[in-house]
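See structure below.
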Amino acid sequence: MSWFYGHGKRGGRYTFIEEVSSKTMGLLKSKVQSIVVSGCRRNNGLLLLLSLSRTINTFAACYDNNHNRILKSPSLVSLDFPDVWTTSSTGYSKSSAYKLASDHTARVINGKQIAEEIISKVATEVTRMRKTIGKVPGLGVILVGDRKDSQTYVRNKINACEEAGINFKLTEFPDTCTEHEVCDAIMKFNADPSFHGILVQLPLPQHLNEEKIVGVLKLEKDVDGFHPMNMGNLAMRGREPLFIPCTPKGCVELLMRYGVEIMGKNVVVIGRSNIVGLPASLLLQRHHATVTIVTALTPNPEEITREADILISGVGVPNMVRGSWVKPGAVVVDVGTYPIEDPSCEQGYLLIGDVCYEEASRVASLITPVPGGVGPMTVAMLLCNTIESATRKYNFV
(Lines give C-alpha, C1' and ligand atoms only; values in the text may rest on other atoms or scores of the structure.)
Protein backbone atom coordinates (compact mmCIF):
# COMPACT_ATOMS: atom_id res chain seq x y z
CA MET A 1 0.00 0.00 0.00
CA SER A 2 1.53 3.33 -1.04
CA TRP A 3 0.73 6.87 0.05
CA PHE A 4 0.79 10.25 -1.71
CA TYR A 5 -0.33 13.73 -0.79
CA GLY A 6 -2.54 16.24 -2.57
CA HIS A 7 -4.33 19.50 -1.95
CA GLY A 8 -8.04 20.23 -1.84
CA LYS A 9 -9.84 23.10 -3.51
CA ARG A 10 -9.35 25.28 -0.45
CA GLY A 11 -5.68 24.47 -0.16
CA GLY A 12 -6.17 22.12 2.77
CA ARG A 13 -3.70 19.24 2.84
CA TYR A 14 -5.08 15.73 2.98
CA THR A 15 -3.98 12.18 2.40
CA PHE A 16 -5.17 9.75 -0.26
CA ILE A 17 -4.65 6.00 -0.02
CA GLU A 18 -3.76 4.30 -3.27
CA GLU A 19 -5.81 1.32 -4.36
CA VAL A 20 -4.81 -1.96 -2.74
CA SER A 21 -3.34 -4.30 -5.32
CA SER A 22 -5.32 -7.33 -6.42
CA LYS A 23 -2.48 -9.52 -5.18
CA THR A 24 -2.79 -8.08 -1.66
CA MET A 25 -6.55 -8.55 -1.69
CA GLY A 26 -6.13 -12.14 -2.84
CA LEU A 27 -3.74 -12.91 -0.01
CA LEU A 28 -6.09 -11.39 2.53
CA LYS A 29 -9.06 -13.36 1.23
CA SER A 30 -7.02 -16.55 1.35
CA LYS A 31 -6.07 -15.82 4.96
CA VAL A 32 -9.68 -15.32 6.02
CA GLN A 33 -10.84 -18.37 4.06
CA SER A 34 -8.25 -20.52 5.82
CA ILE A 35 -9.67 -19.36 9.15
CA VAL A 36 -13.16 -20.31 7.98
CA VAL A 37 -12.06 -23.82 7.03
CA SER A 38 -10.06 -24.42 10.19
CA GLY A 39 -12.85 -23.07 12.37
CA CYS A 40 -15.43 -25.23 10.66
CA ARG A 41 -13.27 -28.35 10.91
CA ARG A 42 -12.72 -27.91 14.62
CA ASN A 43 -16.17 -26.80 15.66
CA ASN A 44 -18.40 -28.32 12.98
CA GLY A 45 -19.58 -24.74 12.85
CA LEU A 46 -21.89 -24.30 9.88
CA LEU A 47 -23.14 -21.01 11.29
CA LEU A 48 -19.57 -19.86 11.84
CA LEU A 49 -18.73 -20.79 8.26
CA LEU A 50 -21.70 -18.87 6.91
CA SER A 51 -20.89 -15.84 9.08
CA LEU A 52 -17.28 -15.70 8.01
CA SER A 53 -18.12 -16.38 4.37
CA ARG A 54 -20.48 -13.42 4.41
CA THR A 55 -17.69 -11.30 5.84
CA ILE A 56 -15.30 -12.37 3.07
CA ASN A 57 -17.83 -11.43 0.42
CA THR A 58 -18.57 -8.08 2.10
CA PHE A 59 -14.88 -7.35 2.47
CA ALA A 60 -14.15 -8.21 -1.16
CA ALA A 61 -17.14 -6.24 -2.41
CA CYS A 62 -15.96 -3.22 -0.49
CA TYR A 63 -12.73 -3.22 -2.46
CA ASP A 64 -14.39 -4.13 -5.75
CA ASN A 65 -16.80 -1.17 -5.47
CA ASN A 66 -14.24 1.37 -4.32
CA HIS A 67 -13.25 2.73 -7.74
CA ASN A 68 -15.35 5.89 -7.23
CA ARG A 69 -14.23 6.53 -3.65
CA ILE A 70 -11.50 8.93 -2.60
CA LEU A 71 -10.20 6.57 0.07
CA LYS A 72 -9.73 2.88 -0.60
CA SER A 73 -9.91 1.93 3.07
CA PRO A 74 -12.93 -0.34 3.66
CA SER A 75 -15.62 0.26 6.24
CA LEU A 76 -14.62 -0.97 9.69
CA VAL A 77 -17.63 -3.28 9.91
CA SER A 78 -16.50 -5.04 6.73
CA LEU A 79 -13.25 -5.91 8.53
CA ASP A 80 -15.04 -7.61 11.41
CA PHE A 81 -15.10 -11.38 11.68
CA PRO A 82 -15.12 -13.65 14.74
CA ASP A 83 -11.78 -14.66 16.22
CA VAL A 84 -11.20 -18.38 15.71
CA TRP A 85 -8.54 -19.47 18.15
CA THR A 86 -6.18 -22.02 16.65
CA THR A 87 -4.48 -23.79 19.52
CA SER A 88 -3.76 -27.31 20.55
CA SER A 89 -5.63 -26.55 23.75
CA THR A 90 -9.05 -25.96 22.18
CA GLY A 91 -10.12 -29.18 23.83
CA TYR A 92 -9.64 -29.66 27.55
CA SER A 93 -6.07 -30.66 28.29
CA LYS A 94 -4.37 -31.15 31.60
CA SER A 95 -1.17 -29.38 32.51
CA SER A 96 1.91 -30.20 30.50
CA ALA A 97 5.31 -31.22 31.75
CA TYR A 98 6.31 -27.55 32.04
CA LYS A 99 7.76 -26.98 35.50
CA LEU A 100 9.74 -24.31 37.26
CA ALA A 101 12.93 -25.13 39.03
CA SER A 102 11.59 -23.45 42.19
CA ASP A 103 8.63 -24.43 44.34
CA HIS A 104 7.09 -20.96 44.06
CA THR A 105 3.29 -20.70 44.29
CA ALA A 106 1.36 -17.55 43.39
CA ARG A 107 -0.88 -15.78 45.85
CA VAL A 108 -4.53 -16.44 45.01
CA ILE A 109 -6.79 -13.46 44.27
CA ASN A 110 -9.98 -14.35 46.12
CA GLY A 111 -12.69 -12.77 43.98
CA LYS A 112 -15.45 -14.57 45.83
CA GLN A 113 -14.52 -13.06 49.18
CA ILE A 114 -14.19 -9.53 47.80
CA ALA A 115 -17.49 -9.87 45.91
CA GLU A 116 -19.25 -10.87 49.13
CA GLU A 117 -17.87 -7.79 50.88
CA ILE A 118 -19.08 -5.54 48.05
CA ILE A 119 -22.56 -7.13 47.92
CA SER A 120 -22.85 -6.65 51.68
CA LYS A 121 -22.16 -2.92 51.24
CA VAL A 122 -24.67 -2.75 48.39
CA ALA A 123 -27.28 -4.36 50.68
CA THR A 124 -26.60 -1.68 53.30
CA GLU A 125 -27.18 1.06 50.71
CA VAL A 126 -30.37 -0.61 49.46
CA THR A 127 -31.70 -0.72 53.01
CA ARG A 128 -30.84 2.94 53.53
CA MET A 129 -32.58 3.88 50.27
CA ARG A 130 -35.71 1.94 51.21
CA LYS A 131 -35.89 3.54 54.67
CA THR A 132 -35.13 7.05 53.41
CA ILE A 133 -37.22 7.38 50.23
CA GLY A 134 -39.25 4.17 50.14
CA LYS A 135 -37.64 2.95 46.91
CA VAL A 136 -35.42 -0.01 46.03
CA PRO A 137 -33.38 -0.70 42.86
CA GLY A 138 -34.86 -3.04 40.26
CA LEU A 139 -33.04 -5.24 37.72
CA GLY A 140 -34.67 -6.86 34.70
CA VAL A 141 -32.88 -9.74 32.99
CA ILE A 142 -33.62 -11.40 29.66
CA LEU A 143 -32.40 -14.95 29.05
CA VAL A 144 -32.67 -16.56 25.62
CA GLY A 145 -32.13 -20.30 25.15
CA ASP A 146 -31.07 -23.06 27.49
CA ARG A 147 -27.28 -22.76 27.67
CA LYS A 148 -26.26 -24.28 30.97
CA ASP A 149 -23.54 -21.73 31.65
CA SER A 150 -25.90 -18.81 30.97
CA GLN A 151 -28.51 -20.34 33.24
CA THR A 152 -25.91 -20.66 35.98
CA TYR A 153 -24.80 -17.04 35.56
CA VAL A 154 -28.40 -15.81 35.74
CA ARG A 155 -29.06 -17.94 38.81
CA ASN A 156 -26.01 -16.39 40.51
CA LYS A 157 -27.34 -12.92 39.70
CA ILE A 158 -30.76 -13.79 41.12
CA ASN A 159 -29.18 -15.02 44.36
CA ALA A 160 -27.01 -11.90 44.65
CA CYS A 161 -29.99 -9.60 44.09
CA GLU A 162 -31.99 -11.42 46.75
CA GLU A 163 -29.08 -11.09 49.14
CA ALA A 164 -28.75 -7.36 48.48
CA GLY A 165 -32.49 -6.64 48.51
CA ILE A 166 -32.65 -5.62 44.83
CA ASN A 167 -35.90 -6.41 42.99
CA PHE A 168 -35.29 -8.90 40.19
CA LYS A 169 -37.42 -10.01 37.27
CA LEU A 170 -36.40 -12.66 34.75
CA THR A 171 -37.93 -12.90 31.27
CA GLU A 172 -37.06 -16.12 29.45
CA PHE A 173 -37.36 -17.06 25.77
CA PRO A 174 -36.64 -20.29 23.87
CA ASP A 175 -33.68 -20.18 21.48
CA THR A 176 -36.20 -20.15 18.60
CA CYS A 177 -37.60 -16.75 19.56
CA THR A 178 -37.52 -13.75 17.25
CA GLU A 179 -35.66 -10.47 17.57
CA HIS A 180 -39.01 -8.72 17.83
CA GLU A 181 -39.94 -10.73 20.93
CA VAL A 182 -36.66 -9.92 22.67
CA CYS A 183 -36.78 -6.23 21.71
CA ASP A 184 -40.39 -6.01 22.88
CA ALA A 185 -39.36 -7.38 26.31
CA ILE A 186 -36.57 -4.80 26.50
CA MET A 187 -38.98 -1.99 25.63
CA LYS A 188 -41.28 -3.05 28.48
CA PHE A 189 -38.38 -2.88 30.93
CA ASN A 190 -37.37 0.47 29.39
CA ALA A 191 -40.83 1.88 30.10
CA ASP A 192 -41.17 0.47 33.63
CA PRO A 193 -39.85 3.03 36.17
CA SER A 194 -39.41 0.34 38.84
CA PHE A 195 -36.52 -1.19 36.87
CA HIS A 196 -33.31 0.80 36.94
CA GLY A 197 -31.15 -1.76 35.16
CA ILE A 198 -31.68 -4.11 32.21
CA LEU A 199 -29.41 -6.96 31.26
CA VAL A 200 -29.56 -9.22 28.22
CA GLN A 201 -27.63 -12.38 29.05
CA LEU A 202 -25.00 -12.94 26.35
CA PRO A 203 -24.21 -14.72 24.13
CA LEU A 204 -27.43 -14.83 22.14
CA PRO A 205 -28.36 -17.53 19.60
CA GLN A 206 -26.73 -16.99 16.21
CA HIS A 207 -29.93 -15.97 14.43
CA LEU A 208 -30.41 -12.94 16.68
CA ASN A 209 -28.71 -9.62 15.94
CA GLU A 210 -26.88 -8.83 19.17
CA GLU A 211 -25.98 -5.30 18.05
CA LYS A 212 -29.58 -4.44 17.26
CA ILE A 213 -30.89 -5.90 20.52
CA VAL A 214 -28.34 -4.18 22.74
CA GLY A 215 -29.04 -0.93 20.91
CA VAL A 216 -32.66 -1.03 22.06
CA LEU A 217 -31.61 -0.76 25.71
CA LYS A 218 -32.32 2.61 27.30
CA LEU A 219 -28.92 4.20 27.88
CA GLU A 220 -29.59 5.07 31.52
CA LYS A 221 -30.58 1.44 32.24
CA ASP A 222 -27.67 -0.23 30.42
CA VAL A 223 -26.06 -1.60 33.59
CA ASP A 224 -23.97 -4.05 31.55
CA GLY A 225 -22.30 -1.05 29.89
CA PHE A 226 -22.53 -2.43 26.34
CA HIS A 227 -24.53 0.37 24.74
CA PRO A 228 -22.45 2.05 22.01
CA MET A 229 -22.67 5.38 23.86
CA ASN A 230 -21.27 3.85 27.05
CA MET A 231 -18.49 2.09 25.14
CA GLY A 232 -17.67 5.27 23.25
CA ASN A 233 -17.43 7.35 26.42
CA LEU A 234 -15.22 4.66 27.95
CA ALA A 235 -12.86 4.97 24.99
CA MET A 236 -12.57 8.76 24.98
CA ARG A 237 -10.43 10.70 27.42
CA GLY A 238 -12.37 13.32 29.33
CA ARG A 239 -15.61 11.34 29.02
CA GLU A 240 -17.37 9.35 31.73
CA PRO A 241 -19.59 6.40 30.74
CA LEU A 242 -22.80 6.02 32.71
CA PHE A 243 -21.75 2.42 33.36
CA ILE A 244 -18.47 0.55 32.98
CA PRO A 245 -18.89 -3.04 31.68
CA CYS A 246 -19.09 -5.34 34.68
CA THR A 247 -16.33 -7.86 33.98
CA PRO A 248 -13.56 -5.34 33.16
CA LYS A 249 -14.72 -3.21 36.09
CA GLY A 250 -14.44 -6.26 38.34
CA CYS A 251 -10.96 -7.07 37.05
CA VAL A 252 -9.66 -3.58 37.81
CA GLU A 253 -11.32 -3.62 41.24
CA LEU A 254 -9.52 -6.87 42.05
CA LEU A 255 -6.18 -5.44 40.96
CA MET A 256 -6.65 -2.31 43.04
CA ARG A 257 -7.76 -4.19 46.14
CA TYR A 258 -4.69 -6.41 45.93
CA GLY A 259 -2.42 -3.40 45.61
CA VAL A 260 -1.41 -4.06 42.00
CA GLU A 261 0.01 -0.96 40.28
CA ILE A 262 -1.61 -0.39 36.88
CA MET A 263 -0.23 2.98 35.82
CA GLY A 264 2.72 2.59 33.45
CA LYS A 265 2.62 -1.22 33.51
CA ASN A 266 2.67 -3.46 30.45
CA VAL A 267 -0.73 -5.13 30.22
CA VAL A 268 -1.57 -7.81 27.67
CA VAL A 269 -5.22 -8.62 27.03
CA ILE A 270 -5.89 -11.88 25.19
CA GLY A 271 -9.10 -11.56 23.17
CA ARG A 272 -11.03 -8.56 21.86
CA SER A 273 -14.68 -9.44 22.50
CA ASN A 274 -17.17 -6.66 23.12
CA ILE A 275 -17.87 -8.20 26.53
CA VAL A 276 -14.36 -8.55 27.94
CA GLY A 277 -11.33 -7.87 25.75
CA LEU A 278 -12.30 -4.58 24.13
CA PRO A 279 -13.73 -2.80 27.20
CA ALA A 280 -10.93 -4.19 29.40
CA SER A 281 -8.29 -2.72 27.11
CA LEU A 282 -10.09 0.62 27.03
CA LEU A 283 -10.53 0.74 30.80
CA LEU A 284 -6.89 -0.16 31.44
CA GLN A 285 -5.77 2.60 29.09
CA ARG A 286 -7.86 5.03 31.13
CA HIS A 287 -5.82 3.81 34.12
CA HIS A 288 -2.66 4.72 32.14
CA ALA A 289 -1.45 1.21 31.40
CA THR A 290 0.44 0.35 28.23
CA VAL A 291 -1.97 -2.10 26.65
CA THR A 292 -1.35 -4.75 24.00
CA ILE A 293 -4.17 -6.90 22.59
CA VAL A 294 -3.53 -10.44 21.40
CA THR A 295 -6.03 -11.77 18.85
CA ALA A 296 -6.52 -15.11 17.17
CA LEU A 297 -4.43 -13.80 14.27
CA THR A 298 -1.48 -12.72 16.41
CA PRO A 299 1.60 -14.79 15.55
CA ASN A 300 3.60 -16.22 18.48
CA PRO A 301 1.30 -14.83 21.19
CA GLU A 302 3.40 -16.35 23.95
CA GLU A 303 6.28 -14.03 23.04
CA ILE A 304 3.99 -11.06 23.67
CA THR A 305 2.38 -12.38 26.84
CA ARG A 306 5.80 -13.06 28.39
CA GLU A 307 6.38 -9.29 28.40
CA ALA A 308 3.24 -8.58 30.42
CA ASP A 309 3.32 -7.28 33.97
CA ILE A 310 -0.42 -7.95 34.04
CA LEU A 311 -1.93 -10.67 31.82
CA ILE A 312 -5.69 -10.86 31.27
CA SER A 313 -7.29 -13.60 29.18
CA GLY A 314 -10.93 -13.91 28.17
CA VAL A 315 -11.42 -16.13 25.13
CA GLY A 316 -12.95 -19.32 26.57
CA VAL A 317 -10.25 -21.73 25.41
CA PRO A 318 -9.39 -24.10 28.28
CA ASN A 319 -5.77 -24.19 29.43
CA MET A 320 -4.58 -22.15 26.44
CA VAL A 321 -2.27 -19.95 28.52
CA ARG A 322 0.53 -22.20 29.73
CA GLY A 323 3.13 -21.46 32.35
CA SER A 324 5.64 -20.72 29.60
CA TRP A 325 3.42 -17.81 28.46
CA VAL A 326 3.75 -16.01 31.79
CA LYS A 327 6.47 -13.58 32.83
CA PRO A 328 7.90 -14.50 36.25
CA GLY A 329 6.18 -12.38 38.88
CA ALA A 330 3.36 -11.26 36.60
CA VAL A 331 -0.24 -10.85 37.75
CA VAL A 332 -2.60 -13.22 35.90
CA VAL A 333 -6.35 -12.54 35.63
CA ASP A 334 -8.29 -15.43 34.07
CA VAL A 335 -11.66 -14.28 32.73
CA GLY A 336 -12.24 -17.26 30.43
CA THR A 337 -14.68 -20.02 31.30
CA TYR A 338 -15.27 -23.28 29.48
CA PRO A 339 -17.72 -25.93 30.73
CA ILE A 340 -16.46 -29.51 30.87
CA GLU A 341 -19.07 -32.21 31.46
CA ASP A 342 -18.65 -33.69 34.91
CA PRO A 343 -21.57 -35.64 36.45
CA SER A 344 -19.97 -35.37 39.88
CA CYS A 345 -20.53 -31.59 39.92
CA GLU A 346 -23.80 -30.08 41.12
CA GLN A 347 -24.40 -28.29 37.81
CA GLY A 348 -23.29 -31.32 35.78
CA TYR A 349 -20.19 -29.59 34.47
CA LEU A 350 -16.86 -28.18 35.63
CA LEU A 351 -15.68 -24.70 34.68
CA ILE A 352 -12.15 -24.47 33.28
CA GLY A 353 -10.34 -21.19 32.65
CA ASP A 354 -8.15 -19.98 29.80
CA VAL A 355 -5.11 -20.27 32.05
CA CYS A 356 -3.51 -23.57 33.01
CA TYR A 357 -3.69 -22.79 36.70
CA GLU A 358 -1.27 -25.50 37.85
CA GLU A 359 1.47 -24.17 35.58
CA ALA A 360 0.82 -20.42 35.75
CA SER A 361 0.60 -20.41 39.54
CA ARG A 362 4.22 -21.60 39.60
CA VAL A 363 5.31 -18.48 37.71
CA ALA A 364 2.93 -15.62 38.58
CA SER A 365 2.94 -13.53 41.74
CA LEU A 366 -0.88 -13.23 41.83
CA ILE A 367 -3.51 -15.27 40.01
CA THR A 368 -7.30 -15.57 39.88
CA PRO A 369 -8.84 -19.04 40.09
CA VAL A 370 -11.70 -20.37 37.97
CA PRO A 371 -14.26 -20.49 39.45
CA GLY A 372 -14.09 -18.08 42.37
CA GLY A 373 -12.09 -15.31 40.75
CA VAL A 374 -13.53 -12.87 38.23
CA GLY A 375 -17.01 -14.46 37.99
CA PRO A 376 -18.30 -13.37 41.42
CA MET A 377 -16.85 -9.90 40.83
CA THR A 378 -18.83 -9.55 37.60
CA VAL A 379 -22.04 -10.17 39.56
CA ALA A 380 -20.99 -7.74 42.30
CA MET A 381 -20.25 -5.01 39.72
CA LEU A 382 -23.67 -5.58 38.15
CA LEU A 383 -25.28 -4.86 41.51
CA CYS A 384 -23.09 -1.78 41.95
CA ASN A 385 -24.15 -0.46 38.55
CA THR A 386 -27.81 -1.16 39.33
CA ILE A 387 -27.84 0.75 42.61
CA GLU A 388 -25.84 3.53 40.94
CA SER A 389 -28.58 3.79 38.32
CA ALA A 390 -31.30 3.98 40.98
CA THR A 391 -29.31 6.53 42.98
CA ARG A 392 -28.93 8.67 39.87
CA LYS A 393 -32.64 8.49 39.06
CA TYR A 394 -33.80 9.45 42.54
CA ASN A 395 -30.94 11.88 43.17
CA PHE A 396 -30.30 9.89 46.32
CA VAL A 397 -27.23 10.76 48.35
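Identifiers in this document derive from the order of the C-alpha coordinates: chains are assigned A, B, ..., residues are numbered from 1 separately in each chain, and ligands are numbered from 1 in order of occurrence.
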
Worksheet entry | Polymer residues at most 12 Å from Thr178 in chain A, only C-alpha atoms, same-chain spacing of 6 or more positions, as a ChimeraX atom specification | /A:144-145,184-185,204-210,213

Item to complete: Would you return as a list in words the members of range 252-281 of chain A that DSSP assigns to strand (DSSP E) on this structure's backbone?
Response: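 Those in range 252-281 of chain A that DSSP calls strand (DSSP E) are Asn266, Val267, Val268, Val269 and Ile270 of chain A.
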
Practice prompt. Using DSSP on the backbone, list every residue of range 156-336 of chain A that comes out as helix (DSSP H, G or I), and give them as a ChimeraX atom specification.
Written response: /A:156-164,179-191,210-216,219-221,228-235,246-257,277-286,301-305,323-325

Practice prompt. Give me the residues within 8 Å of Arg237 in chain A as number ranges by chain, counting only C-alpha atoms and dropping any in the same chain fewer than 3 places off.
Written response: A: 233-234, 286

Would you write out those residues with C-alpha atoms, as an mmCIF file, in the first residue's frame?
```cif
data_model
loop_
_atom_site.group_PDB
_atom_site.id
_atom_site.type_symbol
_atom_site.label_atom_id
_atom_site.label_comp_id
_atom_site.auth_asym_id
_atom_site.auth_seq_id
_atom_site.Cartn_x
_atom_site.Cartn_y
_atom_site.Cartn_z
ATOM 1 C CA ASN A 233 -17.432 7.346 26.422
ATOM 2 C CA LEU A 234 -15.221 4.663 27.950
ATOM 3 C CA ARG A 286 -7.860 5.026 31.130
#
```

Item to complete: Please provide the set of residues having any atom within 10 Å of Glu220 in chain A, restricted to only C-alpha atoms, with same-chain residues fewer than 3 positions apart removed, written as a list in words.
Response: Asn190, His196, Gly197, Ile198, Leu217, Val223, Gly225, His227, Asn230, Leu242, Phe243, Ser389, Ala390, Arg392 and Lys393 of chain A

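What separates CA of Glu163 in chain A from CA of Cys246 in chain A is a distance of 18.5 Å.
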
Fill in: Within 8 Å of Val355 in chain A using only C-alpha atoms, minus same-chain residues under 4 positions, as a count of residues only
9

Discussion item. When you look at range 251-256 of chain A with a cut-off of 9 Å (counting only C-alpha atoms), what residues show up, excluding the ones that are within fewer than 2 positions of it in the same chain? I need them as JSON, numbers by chain.
Written reply: {"A": [109, 110, 111, 114, 246, 247, 248, 249, 258, 259, 260, 261, 262, 280, 283, 284, 312, 331, 333, 335, 373, 374, 377, 378]}

Fill in: Contacts of Pro339 in chain A at 6 Å (only C-alpha atoms; same-chain gap of 4+ positions) as a PyMOL selection string
chain A and resi 349-351

Can you write out the residues you just picked, keeping N, CA and C atoms, as a PDB file, in the first residue's frame?
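part-v4.pdb was written with the following content:
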```pdb
ATOM      1  N   TYR A 349     -21.384 -29.945  35.242  1.00  0.00           N
ATOM      2  CA  TYR A 349     -20.192 -29.592  34.467  1.00  0.00           C
ATOM      3  C   TYR A 349     -19.202 -28.865  35.372  1.00  0.00           C
ATOM      4  N   LEU A 350     -17.952 -28.848  34.920  1.00  0.00           N
ATOM      5  CA  LEU A 350     -16.864 -28.180  35.633  1.00  0.00           C
ATOM      6  C   LEU A 350     -16.378 -27.017  34.790  1.00  0.00           C
ATOM      7  N   LEU A 351     -16.177 -25.867  35.416  1.00  0.00           N
ATOM      8  CA  LEU A 351     -15.682 -24.704  34.679  1.00  0.00           C
ATOM      9  C   LEU A 351     -14.160 -24.695  34.667  1.00  0.00           C
TER      10      LEU A 351
END
```
